[in-house]
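S.K.: Below is one structure. I have some questions about it.
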Amino acid sequence: MTHRATDPNGHGIQSAEWFRQTYGENAKGRCEICDAELALRVAHPPHTVTHFAHKAGSRCSSLEQYRHAVFNLKPSALDLENGKRLRAWVLKELYPVYLKAYSLSGRKLAWGDFQRALIDANTRGIFDYAGLEAHYLPYLLLCLYPERFHDKTTYDSIDAYFVLPAGMKHLDDLWNKKGEIKQTMWKVSHITRQSRRGAPKAVEMFTEIEAIAMDDAPFYIPSWVASAQAKLEPLLAF
Ligand SMILES: [Zn+2]
């Protein structure tokens, strides 16, 4: 279940509530990750919010049990020389690569877990997959990471993981077929929210999806930084 979908009539990505108000309770959306049709499920308070669900049998990478399936795909070709170069590069640039992955993780990725993901990628032979470019590594490592990233705010308990696009034939399609495969990683957050109204201890459970474009920037800047800047501005009056 996800809180948003792509509008088949060209209005981009919209919330489940927007679909309900625009098209009614039988609205259909498309999954931004696997492109499959999603069915709207209208809220049954207090435990659910209006959301989208995949059809039974879906193997979308947003679903936890399939999120690692892309790493089991065979490579279309190998390039051992490129693999050697990349491993030498990642050893030299170890800390910058960690910082990129750390910033993408919402500052949750521990140093030891980063090293374990790196060793796992190497054991799977991913460095040798033809055409791999260095800047994909932090994204691959985060998606490979087996645990969930836990976070807690005043009302929310959040468990998140990261996924690559669904529907690839080979993992290396991600960098070898840039025109066909979305250059996007998604953060899938399973949220348990304490209700602010209604019965005490009422909780809502839902899933939020956030798209993160893959790039070669030295670190990732999350969207909340803009509001922090706006709040700081009067305090740093110059
Ligand atoms: Zn999907």
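Residue names in the structure tokens use chain letters A, B, ... in the order shown, residue numbers from 1 in each chain, and ligand numbers from 1 in the order shown.
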Go through the chains and note each residue within 8 Å of ligand 1, using only C-alpha atoms and all ligand atoms, then give the set as a list in words.
M.R.: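 Based on only C-alpha atoms and all ligand atoms, ligand 1 is surrounded within 8 Å by Arg30, Cys31, Glu32, Ile33, Cys34, Asp35, Ala36, Leu38, His54, Ser58, Arg59, Cys60, Ser61, Ser62, Leu63 and Ala166 of chain A.
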S.K.: Could those selected residues go to a file with C-alpha atoms, as a PDB file, in the first residue's frame?
M.R.:
```
ATOM      1  CA  ARG A  30      -0.201   3.654 -11.741  1.00  0.00           C
ATOM      2  CA  CYS A  31       2.736   2.679  -9.556  1.00  0.00           C
ATOM      3  CA  GLU A  32       5.691   5.038 -10.118  1.00  0.00           C
ATOM      4  CA  ILE A  33       8.117   2.169  -9.457  1.00  0.00           C
ATOM      5  CA  CYS A  34       6.734  -0.801 -11.463  1.00  0.00           C
ATOM      6  CA  ASP A  35       4.147   1.013 -13.639  1.00  0.00           C
ATOM      7  CA  ALA A  36       1.397  -1.503 -12.725  1.00  0.00           C
ATOM      8  CA  LEU A  38      -3.040   0.290  -8.554  1.00  0.00           C
ATOM      9  CA  HIS A  54      -0.884  -3.513  -5.818  1.00  0.00           C
ATOM     10  CA  SER A  58       2.629  -8.186  -7.831  1.00  0.00           C
ATOM     11  CA  ARG A  59       6.418  -8.414  -7.636  1.00  0.00           C
ATOM     12  CA  CYS A  60       6.975  -4.670  -7.335  1.00  0.00           C
ATOM     13  CA  SER A  61      10.308  -3.800  -5.700  1.00  0.00           C
ATOM     14  CA  SER A  62       8.422  -1.530  -3.268  1.00  0.00           C
ATOM     15  CA  LEU A  63       7.125  -4.699  -1.588  1.00  0.00           C
ATOM     16  CA  ALA A 166      11.223  -2.752 -10.880  1.00  0.00           C
TER      17      ALA A 166
END
```
S.K.: Give me the residues near Trp111 of chain A as a PDB file with C-alpha atoms, in the first residue's frame, where near means some atom within 8 Å (using only C-alpha atoms) and where sequence neighbours in that chain fewer than 3 positions away do not count.
M.R.:
```
ATOM      1  CA  TYR A  98      30.132   6.557   2.812  1.00  0.00           C
ATOM      2  CA  PHE A 114      28.231   0.468   5.129  1.00  0.00           C
ATOM      3  CA  GLN A 115      31.300  -1.772   5.117  1.00  0.00           C
TER       4      GLN A 115
END
```
S.K.: If we count only C-alpha atoms, what is near Leu132 of chain A at a cut-off of 10 Å, once residues fewer than 3 positions away on the same chain are taken out, given as a tab-separated table (two decimals) with C-alpha atoms, in the first residue's frame?
M.R.:
```tsv
chain	number	residue	atom	x	y	z
A	78	LEU	CA	31.06	-8.66	-17.22
A	79	ASP	CA	34.03	-6.28	-17.39
A	82	ASN	CA	36.38	-2.04	-14.89
A	83	GLY	CA	35.66	-4.06	-11.73
A	86	LEU	CA	36.14	0.48	-9.36
A	126	ILE	CA	28.50	-6.48	-8.77
A	127	PHE	CA	31.73	-4.49	-9.27
A	128	ASP	CA	32.41	-6.63	-12.34
A	129	TYR	CA	29.03	-6.00	-13.98
A	135	HIS	CA	28.41	7.19	-8.68
A	136	TYR	CA	25.87	4.32	-8.65
A	137	LEU	CA	27.65	2.64	-5.73
A	171	LEU	CA	20.79	-5.19	-12.84
A	172	ASP	CA	23.21	-3.45	-15.21
A	173	ASP	CA	20.27	-2.17	-17.29
A	174	LEU	CA	20.19	0.58	-14.64
A	175	TRP	CA	23.42	2.13	-15.97
A	176	ASN	CA	23.60	0.54	-19.45
```
S.K.: Using only C-alpha atoms, which of the listed residues (A:Lys28, A:His11, A:Arg193, A:His170) sits closest to Thr154 of chain A?
M.R.: A:Arg193
S.K.: As number ranges by chain, please: every residue in segment 75-236 of chain A that a backbone DSSP assignment puts in strand (DSSP E).
M.R.: A: 149-152, 156-163, 184-194, 203-213
S.K.: Neighbours of Arg148 of chain A within 6 Å (only C-alpha atoms; same-chain residues fewer than 3 positions away dropped), as a count of residues only?
M.R.: 3
S.K.: Which neighbours of Leu109 of chain A fall inside 10 Å, counting only C-alpha atoms, when residues of the same chain fewer than 3 positions from it are skipped, and could you give them as a PDB file with C-alpha atoms, in the first residue's frame?
M.R.:
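out.pdb was written with the following content:
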```pdb
ATOM      1  CA  TYR A  98      30.132   6.557   2.812  1.00  0.00           C
ATOM      2  CA  LEU A  99      29.096  10.213   3.250  1.00  0.00           C
ATOM      3  CA  ALA A 101      25.250   6.901   1.241  1.00  0.00           C
ATOM      4  CA  TYR A 102      24.911   8.333   4.781  1.00  0.00           C
ATOM      5  CA  SER A 103      23.230  11.518   3.521  1.00  0.00           C
ATOM      6  CA  LEU A 104      20.899   9.488   1.274  1.00  0.00           C
ATOM      7  CA  SER A 105      19.948   7.255   4.225  1.00  0.00           C
ATOM      8  CA  GLY A 106      18.675  10.236   6.242  1.00  0.00           C
ATOM      9  CA  GLY A 112      29.982  -0.846  10.051  1.00  0.00           C
ATOM     10  CA  ASP A 113      26.803  -1.519   8.047  1.00  0.00           C
ATOM     11  CA  PHE A 114      28.231   0.468   5.129  1.00  0.00           C
ATOM     12  CA  LEU A 142      21.684   1.380   0.325  1.00  0.00           C
ATOM     13  CA  TYR A 145      21.363  -3.085   2.898  1.00  0.00           C
ATOM     14  CA  PHE A 149      16.259   2.238   8.877  1.00  0.00           C
TER      15      PHE A 149
END
```
S.K.: Looking at only C-alpha atoms, which of A:Leu164, A:Ile181, A:Glu204, A:Thr192 is the one that sits closest to Val70 of chain A?
M.R.: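 Comparing A:Leu164, A:Ile181, A:Glu204, A:Thr192 against Val70 of chain A, the winner is A:Leu164.
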S.K.: Rank A:His68, A:Lys74, A:Arg124, A:Arg196 by their smallest atom-to-atom distance to Phe162 of chain A, using only C-alpha atoms, and report the top residue only.
M.R.: A:His68
S.K.: Could you give me the residues within segment 5-233 of chain A that DSSP places in helix (DSSP H, G or I), as a PyMOL selection string?
M.R.: chain A and resi 16-23+64-66+69-72+80-92+94-104+111-123+126-128+134-144+173-176+224-233
S.K.: Dump C-alpha atoms for the selected residues as a PDB file, in the first residue's frame?
M.R.:
```pdb
ATOM      1  CA  ALA A  16      -4.588   8.853  -2.816  1.00  0.00           C
ATOM      2  CA  GLU A  17      -6.930  11.475  -1.349  1.00  0.00           C
ATOM      3  CA  TRP A  18      -6.571  13.577  -4.527  1.00  0.00           C
ATOM      4  CA  PHE A  19      -7.579  10.525  -6.625  1.00  0.00           C
ATOM      5  CA  ARG A  20     -10.614   9.920  -4.383  1.00  0.00           C
ATOM      6  CA  GLN A  21     -11.770  13.524  -4.740  1.00  0.00           C
ATOM      7  CA  THR A  22     -11.042  13.666  -8.495  1.00  0.00           C
ATOM      8  CA  TYR A  23     -12.221  10.248  -9.729  1.00  0.00           C
ATOM      9  CA  GLU A  64       9.565  -5.777   1.065  1.00  0.00           C
ATOM     10  CA  GLN A  65       9.722  -9.414   0.008  1.00  0.00           C
ATOM     11  CA  TYR A  66      10.797  -8.446  -3.535  1.00  0.00           C
ATOM     12  CA  ALA A  69      15.053  -9.409  -6.343  1.00  0.00           C
ATOM     13  CA  VAL A  70      17.002  -7.106  -8.719  1.00  0.00           C
ATOM     14  CA  PHE A  71      20.249  -8.175  -7.070  1.00  0.00           C
ATOM     15  CA  ASN A  72      19.581 -11.789  -8.063  1.00  0.00           C
ATOM     16  CA  LEU A  80      36.704  -7.480 -14.977  1.00  0.00           C
ATOM     17  CA  GLU A  81      39.077  -4.588 -15.733  1.00  0.00           C
ATOM     18  CA  ASN A  82      36.377  -2.043 -14.886  1.00  0.00           C
ATOM     19  CA  GLY A  83      35.664  -4.061 -11.731  1.00  0.00           C
ATOM     20  CA  LYS A  84      39.311  -3.779 -10.639  1.00  0.00           C
ATOM     21  CA  ARG A  85      39.365  -0.040 -11.302  1.00  0.00           C
ATOM     22  CA  LEU A  86      36.142   0.477  -9.361  1.00  0.00           C
ATOM     23  CA  ARG A  87      37.330  -1.481  -6.327  1.00  0.00           C
ATOM     24  CA  ALA A  88      40.568   0.516  -6.255  1.00  0.00           C
ATOM     25  CA  TRP A  89      38.543   3.718  -6.568  1.00  0.00           C
ATOM     26  CA  VAL A  90      36.111   2.833  -3.771  1.00  0.00           C
ATOM     27  CA  LEU A  91      39.003   1.967  -1.436  1.00  0.00           C
ATOM     28  CA  LYS A  92      40.595   5.340  -2.128  1.00  0.00           C
ATOM     29  CA  LEU A  94      35.894   5.164   0.970  1.00  0.00           C
ATOM     30  CA  TYR A  95      34.814   8.030   3.204  1.00  0.00           C
ATOM     31  CA  PRO A  96      33.260  10.232   0.481  1.00  0.00           C
ATOM     32  CA  VAL A  97      31.284   7.201  -0.771  1.00  0.00           C
ATOM     33  CA  TYR A  98      30.132   6.557   2.812  1.00  0.00           C
ATOM     34  CA  LEU A  99      29.096  10.213   3.250  1.00  0.00           C
ATOM     35  CA  LYS A 100      26.985  10.105   0.079  1.00  0.00           C
ATOM     36  CA  ALA A 101      25.250   6.901   1.241  1.00  0.00           C
ATOM     37  CA  TYR A 102      24.911   8.333   4.781  1.00  0.00           C
ATOM     38  CA  SER A 103      23.230  11.518   3.521  1.00  0.00           C
ATOM     39  CA  LEU A 104      20.899   9.488   1.274  1.00  0.00           C
ATOM     40  CA  TRP A 111      29.833   2.886   9.278  1.00  0.00           C
ATOM     41  CA  GLY A 112      29.982  -0.846  10.051  1.00  0.00           C
ATOM     42  CA  ASP A 113      26.803  -1.519   8.047  1.00  0.00           C
ATOM     43  CA  PHE A 114      28.231   0.468   5.129  1.00  0.00           C
ATOM     44  CA  GLN A 115      31.300  -1.772   5.117  1.00  0.00           C
ATOM     45  CA  ARG A 116      29.135  -4.901   5.305  1.00  0.00           C
ATOM     46  CA  ALA A 117      27.054  -3.726   2.310  1.00  0.00           C
ATOM     47  CA  LEU A 118      30.268  -3.034   0.381  1.00  0.00           C
ATOM     48  CA  ILE A 119      31.599  -6.536   1.097  1.00  0.00           C
ATOM     49  CA  ASP A 120      28.207  -7.999   0.138  1.00  0.00           C
ATOM     50  CA  ALA A 121      28.272  -6.123  -3.205  1.00  0.00           C
ATOM     51  CA  ASN A 122      31.772  -7.456  -3.828  1.00  0.00           C
ATOM     52  CA  THR A 123      30.801 -11.045  -2.888  1.00  0.00           C
ATOM     53  CA  ILE A 126      28.500  -6.481  -8.770  1.00  0.00           C
ATOM     54  CA  PHE A 127      31.735  -4.487  -9.266  1.00  0.00           C
ATOM     55  CA  ASP A 128      32.408  -6.632 -12.335  1.00  0.00           C
ATOM     56  CA  ALA A 134      31.241   4.817  -9.577  1.00  0.00           C
ATOM     57  CA  HIS A 135      28.407   7.187  -8.681  1.00  0.00           C
ATOM     58  CA  TYR A 136      25.867   4.324  -8.645  1.00  0.00           C
ATOM     59  CA  LEU A 137      27.651   2.637  -5.733  1.00  0.00           C
ATOM     60  CA  PRO A 138      26.082   4.546  -2.780  1.00  0.00           C
ATOM     61  CA  TYR A 139      22.594   3.876  -4.224  1.00  0.00           C
ATOM     62  CA  LEU A 140      23.293   0.178  -4.800  1.00  0.00           C
ATOM     63  CA  LEU A 141      24.739  -0.227  -1.299  1.00  0.00           C
ATOM     64  CA  LEU A 142      21.684   1.380   0.325  1.00  0.00           C
ATOM     65  CA  CYS A 143      19.265  -0.813  -1.653  1.00  0.00           C
ATOM     66  CA  LEU A 144      21.343  -3.891  -0.830  1.00  0.00           C
ATOM     67  CA  ASP A 173      20.265  -2.168 -17.293  1.00  0.00           C
ATOM     68  CA  LEU A 174      20.185   0.577 -14.641  1.00  0.00           C
ATOM     69  CA  TRP A 175      23.419   2.129 -15.973  1.00  0.00           C
ATOM     70  CA  ASN A 176      23.599   0.541 -19.447  1.00  0.00           C
ATOM     71  CA  TRP A 224      13.533  19.654   4.649  1.00  0.00           C
ATOM     72  CA  VAL A 225      16.762  21.687   4.457  1.00  0.00           C
ATOM     73  CA  ALA A 226      14.893  24.425   2.551  1.00  0.00           C
ATOM     74  CA  SER A 227      12.511  25.029   5.467  1.00  0.00           C
ATOM     75  CA  ALA A 228      15.443  24.972   7.907  1.00  0.00           C
ATOM     76  CA  GLN A 229      17.123  27.654   5.793  1.00  0.00           C
ATOM     77  CA  ALA A 230      13.946  29.772   5.835  1.00  0.00           C
ATOM     78  CA  LYS A 231      13.732  29.509   9.644  1.00  0.00           C
ATOM     79  CA  LEU A 232      17.414  30.320  10.105  1.00  0.00           C
ATOM     80  CA  GLU A 233      17.432  33.305   7.801  1.00  0.00           C
TER      81      GLU A 233
END
```
S.K.: Got a sec: who's within 7 Å of Gly29 of chain A, counting only C-alpha atoms, leaving out chain neighbours fewer than 3 positions off, as number ranges by chain?
M.R.: A: 5-8, 37-39
